[in-house]
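Text of structure.txt, listed as compact mmCIF, C-alpha atoms (C1' of nucleotides):
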# COMPACT_ATOMS: atom_id res chain seq x y z
CA MET A 77 -14.76 -11.41 3.99
CA LYS A 78 -11.29 -11.19 5.45
CA CYS A 79 -11.10 -8.99 8.48
CA LEU A 80 -8.83 -6.05 9.15
CA SER A 81 -5.08 -6.03 9.39
CA TYR A 82 -2.86 -2.99 9.54
CA ALA A 83 -1.48 -3.72 6.10
CA ASP A 84 -4.91 -4.29 4.54
CA PHE A 85 -6.21 -1.17 6.14
CA PHE A 86 -3.43 1.10 4.96
CA SER A 87 -3.30 -0.37 1.49
CA ASN A 88 -6.53 1.49 0.91
CA PHE A 89 -4.76 4.78 1.36
CA ALA A 90 -1.74 3.58 -0.58
CA ASN A 91 -3.74 3.19 -3.76
CA LYS A 92 -4.55 6.07 -6.02
CA THR A 93 -7.93 4.84 -7.17
CA ARG A 94 -9.13 4.16 -3.67
CA LEU A 95 -7.69 7.43 -2.46
CA ASN A 96 -9.66 9.18 -5.19
CA ILE A 97 -12.79 7.44 -4.07
CA ILE A 98 -12.15 8.52 -0.51
CA MET A 99 -11.63 12.10 -1.61
CA ALA A 100 -14.79 12.01 -3.69
CA LEU A 101 -16.78 10.80 -0.70
CA LYS A 102 -15.39 13.49 1.56
CA GLU A 103 -17.95 15.92 0.25
CA LYS A 104 -21.03 13.70 0.23
CA PRO A 105 -22.25 10.11 -0.12
CA LEU A 106 -22.45 8.84 -3.68
CA SER A 107 -23.68 5.88 -5.65
CA VAL A 108 -21.29 3.65 -7.57
CA THR A 109 -22.03 5.27 -10.92
CA GLU A 110 -21.72 8.71 -9.42
CA ILE A 111 -18.31 7.82 -8.01
CA GLY A 112 -17.29 6.48 -11.38
CA ASN A 113 -18.26 9.71 -13.10
CA HIS A 114 -16.64 11.76 -10.43
CA ILE A 115 -13.24 10.11 -10.61
CA LYS A 116 -13.53 9.14 -14.28
CA GLU A 117 -13.15 5.43 -13.85
CA GLU A 118 -15.03 2.46 -15.17
CA GLN A 119 -17.81 0.83 -13.18
CA SER A 120 -16.27 -2.52 -12.42
CA LYS A 121 -12.99 -0.98 -11.40
CA VAL A 122 -14.85 1.22 -8.98
CA SER A 123 -16.80 -1.73 -7.63
CA HIS A 124 -13.71 -3.83 -7.01
CA ASN A 125 -12.11 -1.00 -5.14
CA LEU A 126 -15.22 -0.19 -3.16
CA LYS A 127 -15.17 -3.75 -1.97
CA LYS A 128 -11.75 -3.37 -0.44
CA LEU A 129 -12.64 -0.08 1.14
CA SER A 130 -15.74 -1.47 2.74
CA ALA A 131 -14.00 -4.61 3.90
CA CYS A 132 -11.98 -2.30 6.12
CA HIS A 133 -14.96 -0.20 7.11
CA ILE A 134 -13.47 2.87 5.56
CA ILE A 135 -16.75 3.33 3.75
CA ILE A 136 -20.20 1.93 4.37
CA ALA A 137 -22.98 1.09 1.96
CA GLU A 138 -26.67 1.72 2.10
CA GLN A 139 -29.10 0.35 -0.44
CA LYS A 140 -31.44 2.97 -1.86
CA GLY A 141 -33.67 1.61 -4.56
CA LYS A 142 -31.52 0.24 -7.31
CA ASN A 143 -28.54 2.21 -6.10
CA ARG A 144 -25.99 1.61 -3.48
CA ILE A 145 -24.98 4.75 -1.71
CA TYR A 146 -21.51 4.68 -0.26
CA SER A 147 -20.46 7.06 2.45
CA LEU A 148 -17.18 7.75 4.13
CA ASN A 149 -16.42 6.65 7.66
CA LYS A 150 -15.36 10.16 8.51
CA GLU A 151 -14.72 9.45 12.14
CA THR A 152 -11.72 7.36 11.21
CA VAL A 153 -10.71 8.83 7.89
CA MET A 154 -10.67 12.54 8.55
CA PRO A 155 -8.20 12.47 11.44
CA ILE A 156 -5.88 10.22 9.48
CA LEU A 157 -5.86 12.51 6.48
CA GLN A 158 -5.32 15.46 8.74
CA LEU A 159 -2.34 13.83 10.42
CA ILE A 160 -0.57 13.00 7.21
CA GLU A 161 -1.41 16.44 5.80
CA GLU A 162 0.41 17.98 8.69
CA HIS A 163 3.28 15.51 8.45
CA ILE A 164 3.82 16.43 4.83
CA LYS A 165 3.68 20.11 5.64
CA ASN A 166 6.29 19.74 8.37
CA ASN A 167 8.62 17.38 6.63
CA CYS A 168 8.62 18.78 3.15
CA LYS A 169 9.67 22.08 4.59
CA LYS A 170 12.67 20.36 6.16
CA CYS A 171 13.33 18.58 2.88
CA ASP A 172 13.73 21.78 0.94
CA LYS A 173 15.86 23.38 3.61
CA HIS A 174 18.40 20.60 3.68
CA GLU A 175 18.53 19.72 0.04
CA THR A 176 22.05 21.07 -0.54
CA LYS A 177 23.82 19.37 2.32
CA LYS A 178 25.33 15.90 2.29
CA HIS A 179 22.64 13.29 1.85
CA ILE A 180 21.49 11.52 4.95
CA PRO A 181 18.17 9.99 3.88
CA MET B 110 14.73 11.44 -3.83
CA LYS B 111 11.07 11.69 -4.72
CA CYS B 112 9.09 13.66 -2.20
CA LEU B 113 5.99 12.69 -0.33
CA SER B 114 2.61 11.77 -1.74
CA TYR B 115 -0.29 10.33 0.18
CA ALA B 116 0.03 7.03 -1.63
CA ASP B 117 3.79 6.79 -1.09
CA PHE B 118 3.39 7.68 2.52
CA PHE B 119 0.75 5.09 3.29
CA SER B 120 2.42 2.36 1.30
CA ASN B 121 4.92 2.22 4.13
CA PHE B 122 2.22 1.09 6.49
CA ALA B 123 0.69 -1.19 3.89
CA ASN B 124 3.78 -3.36 3.72
CA LYS B 125 4.52 -6.05 6.24
CA THR B 126 8.30 -5.70 6.22
CA ARG B 127 8.17 -1.96 6.70
CA LEU B 128 5.50 -2.30 9.32
CA ASN B 129 7.77 -4.72 11.17
CA ILE B 130 10.58 -2.22 11.00
CA ILE B 131 8.32 0.47 12.37
CA MET B 132 7.24 -1.78 15.21
CA ALA B 133 10.84 -2.67 15.97
CA LEU B 134 11.78 0.99 16.17
CA LYS B 135 8.90 1.80 18.48
CA GLU B 136 10.93 0.66 21.44
CA LYS B 137 14.27 2.23 20.59
CA PRO B 138 16.53 3.37 17.73
CA LEU B 139 18.46 0.60 16.02
CA SER B 140 21.17 0.10 13.44
CA VAL B 141 20.47 -1.66 10.17
CA THR B 142 21.96 -4.95 11.31
CA GLU B 143 20.10 -4.75 14.58
CA ILE B 144 16.84 -4.22 12.73
CA GLY B 145 17.66 -7.17 10.52
CA ASN B 146 18.23 -9.41 13.50
CA HIS B 147 15.18 -8.13 15.24
CA ILE B 148 12.76 -8.80 12.40
CA LYS B 149 14.71 -11.73 10.98
CA GLU B 150 15.30 -10.32 7.53
CA GLU B 151 18.31 -10.03 5.32
CA GLN B 152 20.45 -6.89 5.27
CA SER B 153 19.77 -5.66 1.78
CA LYS B 154 16.07 -6.20 2.11
CA VAL B 155 16.10 -4.15 5.25
CA SER B 156 18.13 -1.41 3.57
CA HIS B 157 15.81 -1.15 0.60
CA ASN B 158 12.86 -0.80 2.89
CA LEU B 159 14.57 1.67 5.17
CA LYS B 160 15.10 3.82 2.14
CA LYS B 161 11.40 4.05 1.44
CA LEU B 162 10.61 4.74 5.06
CA SER B 163 13.10 7.55 5.26
CA ALA B 164 12.06 9.03 1.95
CA CYS B 165 8.76 9.73 3.68
CA HIS B 166 10.37 10.87 6.91
CA ILE B 167 8.76 8.09 8.84
CA ILE B 168 12.19 7.29 10.19
CA ILE B 169 15.36 9.32 10.34
CA ALA B 170 18.99 8.23 10.20
CA GLU B 171 21.96 9.29 12.23
CA GLN B 172 25.46 8.15 11.43
CA LYS B 173 27.31 6.79 14.43
CA GLY B 174 30.71 5.45 13.54
CA LYS B 175 30.30 2.73 11.00
CA ASN B 176 26.67 2.32 11.88
CA ARG B 177 23.57 4.09 10.84
CA ILE B 178 21.10 4.40 13.62
CA TYR B 179 17.51 4.69 12.50
CA SER B 180 14.86 6.08 14.75
CA LEU B 181 11.13 6.41 14.42
CA ASN B 182 9.41 9.71 13.78
CA LYS B 183 7.13 9.08 16.71
CA GLU B 184 5.37 12.40 16.48
CA THR B 185 3.72 11.28 13.26
CA VAL B 186 3.70 7.55 13.60
CA MET B 187 2.32 6.99 17.06
CA PRO B 188 -0.95 8.88 16.57
CA ILE B 189 -1.54 7.11 13.29
CA LEU B 190 -1.07 3.70 14.82
CA GLN B 191 -3.31 4.67 17.69
CA LEU B 192 -6.06 5.82 15.36
CA ILE B 193 -6.12 2.64 13.34
CA GLU B 194 -5.87 0.55 16.49
CA GLU B 195 -9.04 2.16 17.73
CA HIS B 196 -10.72 1.86 14.34
CA ILE B 197 -10.04 -1.85 14.29
CA LYS B 198 -11.33 -2.24 17.81
CA ASN B 199 -14.56 -0.41 16.98
CA ASN B 200 -15.23 -1.95 13.64
CA CYS B 201 -14.29 -5.52 14.26
CA LYS B 202 -16.73 -5.56 17.11
CA LYS B 203 -19.46 -4.52 14.68
CA CYS B 204 -18.25 -7.14 12.23
CA ASP B 205 -18.75 -9.99 14.62
CA LYS B 206 -22.14 -8.74 15.75
CA HIS B 207 -23.56 -8.54 12.26
CA GLU B 208 -21.99 -11.60 10.72
CA THR B 209 -25.21 -13.57 10.45
CA LYS B 210 -27.39 -10.98 8.77
CA LYS B 211 -27.69 -10.36 5.05
CA HIS B 212 -24.38 -9.14 3.65
CA ILE B 213 -24.09 -5.42 3.10
CA PRO B 214 -20.33 -4.90 2.83
C1' DA C 295 46.64 2.58 1.62
C1' DA C 296 44.86 -2.01 2.61
C1' DG C 297 41.60 -4.38 5.31
C1' DT C 298 37.26 -4.93 7.72
C1' DC C 299 32.73 -4.22 9.09
C1' DA C 300 28.30 -1.78 8.03
C1' DT C 301 25.28 -0.16 4.85
C1' DA C 302 23.55 1.04 0.18
C1' DT C 303 22.52 0.21 -4.59
C1' DG C 304 21.30 -1.69 -9.36
C1' DA C 305 19.38 -4.88 -12.07
C1' DA C 306 17.07 -9.39 -12.71
C1' DT C 307 13.52 -12.08 -11.09
C1' DA C 308 9.73 -13.38 -8.30
C1' DC C 309 5.51 -11.98 -6.21
C1' DT C 310 1.43 -9.36 -5.37
C1' DT C 311 -2.06 -6.42 -6.60
C1' DA C 312 -4.86 -3.96 -9.92
C1' DT C 313 -7.47 -3.74 -14.12
C1' DT C 314 -10.22 -5.47 -17.65
C1' DC C 315 -13.78 -7.87 -19.88
C1' DA C 316 -17.51 -10.78 -19.95
C1' DT C 317 -21.09 -12.14 -17.28
C1' DA C 318 -23.97 -12.71 -13.11
C1' DT C 319 -26.96 -10.90 -9.61
C1' DG C 320 -30.35 -7.68 -7.75
C1' DA C 321 -33.92 -4.21 -7.41
C1' DA C 322 -37.50 -2.02 -9.30
C1' DA C 323 -40.91 -1.05 -13.14
C1' DT C 324 -44.00 -2.64 -16.76
C1' DA D 56 -42.25 -12.84 -15.84
C1' DT D 57 -39.56 -9.89 -18.67
C1' DT D 58 -37.03 -5.83 -19.22
C1' DT D 59 -34.06 -2.22 -17.59
C1' DC D 60 -30.81 0.05 -14.92
C1' DA D 61 -27.28 -0.50 -11.14
C1' DT D 62 -23.92 -3.03 -9.08
C1' DA D 63 -20.99 -7.11 -8.17
C1' DT D 64 -18.02 -10.89 -9.36
C1' DG D 65 -14.61 -14.29 -11.49
C1' DA D 66 -10.95 -15.21 -14.13
C1' DA D 67 -7.30 -13.73 -17.34
C1' DT D 68 -3.97 -10.42 -18.10
C1' DA D 69 -1.45 -6.37 -17.12
C1' DA D 70 1.02 -3.48 -14.07
C1' DG D 71 3.39 -2.48 -10.06
C1' DT D 72 6.30 -3.76 -5.99
C1' DA D 73 9.28 -6.44 -3.41
C1' DT D 74 13.16 -9.51 -2.93
C1' DT D 75 17.43 -11.29 -4.14
C1' DC D 76 22.09 -11.48 -5.35
C1' DA D 77 26.20 -9.52 -6.61
C1' DT D 78 28.69 -5.59 -6.00
C1' DA D 79 29.71 -0.79 -4.67
C1' DT D 80 30.39 2.72 -1.27
C1' DG D 81 31.61 4.52 3.28
C1' DA D 82 33.63 4.84 7.82
C1' DC D 83 36.86 3.49 10.62
C1' DT D 84 41.33 0.78 12.10
C1' DT D 85 45.94 -0.87 11.43

Output the file's structure as structure tokens, nothing else.
Amino acid sequence: MKCLSYADFFSNFANKTRLNIIMALKEKPLSVTEIGNHIKEEQSKVSHNLKKLSACHIIIAEQKGKNRIYSLNKETVMPILQLIEEHIKNNCKKCDKHETKKHIP
Amino acid sequence: MKCLSYADFFSNFANKTRLNIIMALKEKPLSVTEIGNHIKEEQSKVSHNLKKLSACHIIIAEQKGKNRIYSLNKETVMPILQLIEEHIKNNCKKCDKHETKKHIP
DNA sequence: AAGTCATATGAATACTTATTCATATGAAAT
DNA sequence: ATTTCATATGAATAAGTATTCATATGACTT
């Protein structure tokens, strides 16, 4: 499978389904069906998206009987989410403050 | 303009043109035409992409005469790039090591 | 105010990516 | 070896994004 590029990597966070999967796995590792139930999406859709996530090592799989348990690569993912969380906090404040003045994007 | 969401935010890093713009601005602030020359892309394409970047406060604009000088929000961007850089370093090593064994994505 | 250079914008089209559906593979149990 | 449950995959279609082109706006100069 194709290896990492910046764009491939970030596209995982730029997609709502995959973002939902990531959020679901923040709490604890889950099987494919469990993820599907959790985020209310169909099995094959989940599978396709899991594939992209694991291609970038954002999640890793472990076979457990019939099930595949996916878990989040927290070491990478948590700091990223934290950074953007903070960025949004900082910059949306600014946004609101300046909304009336002449638009400079 | 629409405010920040995780997906919107990350889509800026998931796109090659915008990533190129970011990389160009890492060194120093540039005008639209300068960016265009730097990354070898047409003016309007650059403009459209600058718009998305600034909507998420990844870059900010400052009017200077006829020109608009765009500069990178380094406080947010640099740590993100550093994180993923490291992630790629760590995980592509693993990749190569395990390439021969049975595929678990 | 007319002209010029710089940038932005809207709408049509082209391109890429995601989803779906049908089906295949895989692991365990009987 | 056949069945069952769990997951993956391929190919067609749908949906979403990006690019382009023509044109508008904006800032300055004369």

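One finds CA of Thr93 in chain A at 13.7 Å from CA of Ser114 in chain B.
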
Might you pull out every residue within 12 Å of Val108 in chain A, with all atoms listed in the file counted and same-chain residues fewer than 4 positions away left off, and present them as JSON, numbers by chain?
{"A": [97, 100, 101, 112, 113, 114, 115, 116, 117, 118, 119, 120, 121, 122, 123, 124, 125, 126, 127, 137, 138, 139, 140, 142, 143, 144, 145, 146, 147], "D": [61, 62, 63]}

Store the residues picked out above, limited to C-alpha atoms (C1' of nucleotides), as a JSON list (two decimals), in the frame of the given file.
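The result, written out as out_8.json:
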[["chain", "number", "residue", "atom", "x", "y", "z"],
["A", 97, "ILE", "CA", -12.79, 7.44, -4.07],
["A", 100, "ALA", "CA", -14.79, 12.01, -3.69],
["A", 101, "LEU", "CA", -16.78, 10.80, -0.70],
["A", 112, "GLY", "CA", -17.29, 6.48, -11.38],
["A", 113, "ASN", "CA", -18.26, 9.71, -13.10],
["A", 114, "HIS", "CA", -16.64, 11.76, -10.43],
["A", 115, "ILE", "CA", -13.24, 10.11, -10.61],
["A", 116, "LYS", "CA", -13.53, 9.14, -14.28],
["A", 117, "GLU", "CA", -13.15, 5.43, -13.85],
["A", 118, "GLU", "CA", -15.03, 2.46, -15.17],
["A", 119, "GLN", "CA", -17.81, 0.83, -13.18],
["A", 120, "SER", "CA", -16.27, -2.52, -12.42],
["A", 121, "LYS", "CA", -12.99, -0.98, -11.40],
["A", 122, "VAL", "CA", -14.85, 1.22, -8.98],
["A", 123, "SER", "CA", -16.80, -1.73, -7.63],
["A", 124, "HIS", "CA", -13.71, -3.83, -7.01],
["A", 125, "ASN", "CA", -12.11, -1.00, -5.14],
["A", 126, "LEU", "CA", -15.22, -0.19, -3.16],
["A", 127, "LYS", "CA", -15.17, -3.75, -1.97],
["A", 137, "ALA", "CA", -22.98, 1.09, 1.96],
["A", 138, "GLU", "CA", -26.67, 1.72, 2.10],
["A", 139, "GLN", "CA", -29.10, 0.35, -0.44],
["A", 140, "LYS", "CA", -31.44, 2.97, -1.86],
["A", 142, "LYS", "CA", -31.52, 0.24, -7.31],
["A", 143, "ASN", "CA", -28.54, 2.21, -6.10],
["A", 144, "ARG", "CA", -25.99, 1.61, -3.48],
["A", 145, "ILE", "CA", -24.98, 4.75, -1.71],
["A", 146, "TYR", "CA", -21.51, 4.68, -0.26],
["A", 147, "SER", "CA", -20.46, 7.06, 2.45],
["D", 61, "DA", "C1'", -27.28, -0.50, -11.14],
["D", 62, "DT", "C1'", -23.92, -3.03, -9.08],
["D", 63, "DA", "C1'", -20.99, -7.11, -8.17]]

Pick out the residues sitting within 12 Å of DT324 in chain C, and hand them over as a list in words; count all atoms listed in the file, and ignore anything fewer than 2 positions along from it in its own chain.
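Returned residues: DA322 of chain C; DA56, DT57, DT58 and DT59 of chain D.
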
Keeping only C-alpha atoms (C1' of nucleotides), write those residues as a JSON list (two decimals), in the frame of the given file.
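Saved to again_31.json:
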[["chain", "number", "residue", "atom", "x", "y", "z"],
["C", 322, "DA", "C1'", -37.50, -2.02, -9.30],
["D", 56, "DA", "C1'", -42.25, -12.84, -15.84],
["D", 57, "DT", "C1'", -39.56, -9.89, -18.67],
["D", 58, "DT", "C1'", -37.03, -5.83, -19.22],
["D", 59, "DT", "C1'", -34.06, -2.22, -17.59]]

Give me the residues near Ser120 in chain B as a ChimeraX atom specification, where near means some atom within 12 Å (using all atoms listed in the file) and where sequence neighbours in that chain fewer than 5 positions away do not count.
/A:82-92,95 /B:113-115,125-128,158,161-162,164-165,167 /D:72

Mind checking which residues fall within 12 Å of Glu184 in chain B, counting all atoms listed in the file, ignoring those fewer than 6 positions away in the same chain, and posting them as a short mmCIF file (atom, residue, chain, number, x, y, z; two decimals) with C-alpha atoms, in the frame of the given file?
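Full text of around_27.cif as output:
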data_model
loop_
_atom_site.label_atom_id
_atom_site.label_comp_id
_atom_site.auth_asym_id
_atom_site.auth_seq_id
_atom_site.Cartn_x
_atom_site.Cartn_y
_atom_site.Cartn_z
CA LEU A 159 -2.34 13.83 10.42
CA ILE A 160 -0.57 13.00 7.21
CA GLU A 162 0.41 17.98 8.69
CA HIS A 163 3.28 15.51 8.45
CA ASN A 166 6.29 19.74 8.37
CA ASN A 167 8.62 17.38 6.63
CA LYS B 135 8.90 1.80 18.48
CA HIS B 166 10.37 10.87 6.91
CA ILE B 167 8.76 8.09 8.84
CA ILE B 168 12.19 7.29 10.19
CA LEU B 190 -1.07 3.70 14.82
CA GLN B 191 -3.31 4.67 17.69
#

Suppose you want the space between C1' of DA67 in chain D and C1' of DA316 in chain C; what is it in Å?
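Taking C1' of DA67 in chain D and C1' of DA316 in chain C, their separation equals 10.9 Å.
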
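Taking C1' of DA77 in chain D as the reference point, C1' of DA305 in chain C is found at 9.9 Å.
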
Chain C residues within 12 Å of chain B, counting all atoms listed in the file: which ones, as a CSV table (one decimal) with C-alpha atoms (C1' of nucleotides), keeping the file's coordinate frame?
chain,number,residue,atom,x,y,z
C,298,DT,C1',37.3,-4.9,7.7
C,299,DC,C1',32.7,-4.2,9.1
C,300,DA,C1',28.3,-1.8,8.0
C,301,DT,C1',25.3,-0.2,4.8
C,302,DA,C1',23.6,1.0,0.2
C,303,DT,C1',22.5,0.2,-4.6
C,304,DG,C1',21.3,-1.7,-9.4
C,310,DT,C1',1.4,-9.4,-5.4

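Here the question is which of A:Pro105, A:Met99, A:Glu161, A:Glu110 gets nearest to chain D using all atoms listed in the file, and that residue is A:Glu110.
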
Report as a VMD selection string the set of chain D residues whose atoms approach chain B to within 8 Å, with distances computed over all atoms listed in the file.
chain D and resid 74 82 to 83
